[in-house]
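Colleague: Pasting a structure here, questions to come.
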Amino acid sequence: MSTLPEPPPPTLRLAIDTAALADNWRALNALSGSARAGAAVKANCYGLGVEHCVPALVKAGARDFFVAHWGEVAPVLAHVPPEQLGVLHGPNTSEEAAYARGTGVRPVINSLHQARLWSEAGGGPCNLMIDTGINRLGVSLAELGDPVLGTLDVQVLMSHLSSAEEDAAISAQQLARFRTACAKVPHRETSIANSAGIALGEDYRCDLTRPGLALYGGVPTPSLAGQIRQVAFPQAAIIQTRNLSAGDTVGYNREFTAPGAMRVATVSLGYADGFLRSWGKQGYLAHDGRMLPLLGKVSMDMVVVDLAAAPDLREGDWLDVPYHLPDAAQRSGLSQYELLTALGDRFGRSVKADCADHAASAKPLAAQH
Ligand SMILES: *Cc1c(COP(=O)(O)O)cnc(C)c1O
């Protein structure tokens, strides 16, 4: 078997500002008042990469981590002790319950079925999700009398808000239902607030908050705007430049027609990378603050931009993808969650240059014991 040479560097890169990530966690932890802030690290830290983000969060002080899938457990356990990791989807099969027991992570129990499976597998510390109106996962208030819940060793009693960023009345109703559940189910701690829930005030903070989006630079509610910094900085390389004449068209379905002579660049960035067609005519890339509008449709692996503002650019030059999330959401019509989690595997992810010290000084957890 011959060994392949190292591949050349990718033409897409994603710099993770781990100092901003750590600052965001500290800001959310401070806003959580007497509660401590955890961290939702599911979906590979919302697309940004567990290997870069989780160590920075640990170093900042986070101790309570959440993933959604069982397949997301192992990469996080490289940085976090198992009792600090909750699995939000919970065990739906005996294999999943056995995996929870074998790894020592905390399943979040979301139904009477899951409670039975967990008990039958031997049980142990778990979290319990109460549905207070999102109707997604969770035990309903009507089910709280079921004796199987009495077999659980509930560490954190949880619920999840459906509309924390927009509807105070609905959130208040959910909080009231959650309190009813708290009075009925023995537990050690309580937790209801996601990122936007933290901004709803003291009543929602309980013992533990569970921010996700805002850690990674998302601003779910204007009151958080001044406190949250951008974390993800995607860039794409120019792979060709060309000169168009009047009447030339660009890309699939010839959506753009050059009105006159113009210089354009083909950039290695497409919907396979999470840059969707919904960016449409609002979209642009940038170089040193100069805006380069998209021409025509995003076409699979490429976009074409107008170089009028930056005629000096050449093949191999890097363009910034505008990823200030509240602005990007408005321009693209995508949610801030979608913008982050869509960033594809072809991006080379690395810690932003001026944070490298910060990352290097993050000790592996084993060394702290
Ligand atoms: C994803 C998730 C969070 C984090 O929510 P954000 O809105 O990203 O802050 C918190 N709790 C649960 C149960 C989740 O699924």
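By order of appearance in the structure tokens: chains A, B, ..., then residues from 1 within every chain, and ligands from 1 in the order shown.
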Counting only C-alpha atoms and all ligand atoms, what are the residues, protein, DNA or RNA alike, that approach ligand 1 to within 7 Å? I want them as a ChimeraX atom specification.
Modeller: /A:40,88,160,193-196,210-214
Colleague: For the residues selected in the previous step, produce a file with C-alpha atoms as an mmCIF file, in the first residue's frame.
Modeller:
```
data_model
loop_
_atom_site.group_PDB
_atom_site.id
_atom_site.type_symbol
_atom_site.label_atom_id
_atom_site.label_comp_id
_atom_site.auth_asym_id
_atom_site.auth_seq_id
_atom_site.Cartn_x
_atom_site.Cartn_y
_atom_site.Cartn_z
ATOM 1 C CA ALA A 40 -24.606 23.414 24.000
ATOM 2 C CA LEU A 88 -30.244 15.693 24.722
ATOM 3 C CA HIS A 160 -36.882 24.216 26.816
ATOM 4 C CA ALA A 193 -32.892 29.016 29.627
ATOM 5 C CA ASN A 194 -31.182 28.784 26.232
ATOM 6 C CA SER A 195 -29.247 31.819 24.923
ATOM 7 C CA ALA A 196 -32.316 33.995 24.477
ATOM 8 C CA ARG A 210 -27.748 26.283 28.452
ATOM 9 C CA PRO A 211 -26.535 28.796 25.855
ATOM 10 C CA GLY A 212 -25.616 27.563 22.390
ATOM 11 C CA LEU A 213 -26.106 30.099 19.607
ATOM 12 C CA ALA A 214 -24.798 33.119 21.524
#
```
Colleague: If DSSP is run on the backbone, what residues of stretch 176-316 of chain A are alpha helix (DSSP H)? A reply as a count of residues only would be ideal.
Modeller: 13
Colleague: Considering only C-alpha atoms, state which residue in the set A:Ala272, A:Val304, A:Leu295, A:Leu285 is at the smallest distance from A:Thr257.
Modeller: A:Leu295
Colleague: If we count only C-alpha atoms, what is near A:Ala20 at a cut-off of 8 Å, once residues fewer than 3 positions away on the same chain are taken out, given as a CSV table (one decimal) with N, CA and C atoms, in the first residue's frame?
Modeller:
```
chain,number,residue,atom,x,y,z
A,17,ASP,N,-12.4,32.4,16.4
A,17,ASP,CA,-11.8,33.3,17.4
A,17,ASP,C,-12.2,32.7,18.8
A,23,ASP,N,-14.9,34.8,25.7
A,23,ASP,CA,-15.5,36.0,26.2
A,23,ASP,C,-17.1,35.9,26.2
A,24,ASN,N,-17.6,35.3,25.1
A,24,ASN,CA,-19.0,35.1,25.1
A,24,ASN,C,-19.5,34.2,26.2
A,229,ARG,N,-19.6,38.6,20.8
A,229,ARG,CA,-18.6,38.9,19.7
A,229,ARG,C,-18.7,37.8,18.7
A,230,GLN,N,-18.3,38.2,17.4
A,230,GLN,CA,-18.3,37.3,16.3
A,230,GLN,C,-17.2,36.2,16.6
A,231,VAL,N,-17.5,35.0,16.3
A,231,VAL,CA,-16.5,33.9,16.6
A,231,VAL,C,-16.0,33.2,15.3
```
Colleague: Considering only C-alpha atoms, return as an mmCIF file with N, CA, C and O atoms, in the first residue's frame whatever protein or nucleic-acid residues lie within 8 Å of A:Glu72, sequence-local ones (same chain, fewer than 5 positions apart) excluded.
Modeller:
```cif
data_model
loop_
_atom_site.group_PDB
_atom_site.id
_atom_site.type_symbol
_atom_site.label_atom_id
_atom_site.label_comp_id
_atom_site.auth_asym_id
_atom_site.auth_seq_id
_atom_site.Cartn_x
_atom_site.Cartn_y
_atom_site.Cartn_z
ATOM 1 N N LYS A 42 -23.606 20.615 20.637
ATOM 2 C CA LYS A 42 -24.116 19.694 19.620
ATOM 3 C C LYS A 42 -23.757 20.182 18.215
ATOM 4 O O LYS A 42 -23.353 21.347 18.040
ATOM 5 N N ALA A 43 -23.998 19.297 17.253
ATOM 6 C CA ALA A 43 -23.740 19.636 15.850
ATOM 7 C C ALA A 43 -22.321 20.181 15.668
ATOM 8 O O ALA A 43 -22.106 21.184 14.984
ATOM 9 N N ASN A 44 -21.358 19.497 16.318
ATOM 10 C CA ASN A 44 -19.951 19.893 16.195
ATOM 11 C C ASN A 44 -19.756 21.362 16.569
ATOM 12 O O ASN A 44 -19.127 22.128 15.842
ATOM 13 N N VAL A 67 -24.698 17.582 24.069
ATOM 14 C CA VAL A 67 -24.777 17.230 22.652
ATOM 15 C C VAL A 67 -26.171 16.666 22.399
ATOM 16 O O VAL A 67 -26.913 16.396 23.351
#
```
Colleague: Write out as a ChimeraX atom specification which residues come within 10 Å of stretch 168-179 of chain A when counting only C-alpha atoms, dropping same-chain ones fewer than 5 positions away.
Modeller: /A:129-134,140-141,157-163,184,190-193,197,200,203-204
Colleague: Just want the 9 Å neighbourhood of A:Pro259, counted on only C-alpha atoms, with same-chain residues fewer than 2 positions away dropped. Output as number ranges by chain.
Modeller: A: 245-248, 257, 261-262
Colleague: Save the residues we just selected, C-alpha atoms, as a CSV table (one decimal), in the first residue's frame?
Modeller:
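Everything below was put into part-v2.csv:
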```
chain,number,residue,atom,x,y,z
A,245,SER,CA,-17.5,42.1,-22.2
A,246,ALA,CA,-21.0,43.6,-22.5
A,247,GLY,CA,-23.6,40.9,-23.0
A,248,ASP,CA,-21.6,38.1,-21.4
A,257,THR,CA,-25.6,39.8,-17.9
A,261,ALA,CA,-16.6,45.4,-19.7
A,262,MET,CA,-15.9,44.2,-16.2
```
Colleague: Give me the residues near stretch 340-346 of chain A as a list in words, where near means some atom within 8 Å (using only C-alpha atoms) and where sequence neighbours in that chain fewer than 6 positions away do not count.
Modeller: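 My reading of the contact set: Pro10, Leu12, Ala43, Tyr46, Gly47, Leu48, Ala272, Asp273, Gly274 and Phe275 of chain A.
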Colleague: Quick check for you: according to DSSP on this backbone, which residues of stretch 34-80 of chain A are classed as strand (DSSP E)? Reply as number ranges by chain.
Modeller: A: 36-37, 39-40, 65-67
Colleague: Looking at A:Gly33, A:Gly49, A:Pro311, A:Gly61, which one is nearest to A:Ala15, with distances taken over only C-alpha atoms?
Modeller: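 For A:Ala15, the nearest of the candidates is A:Gly49.
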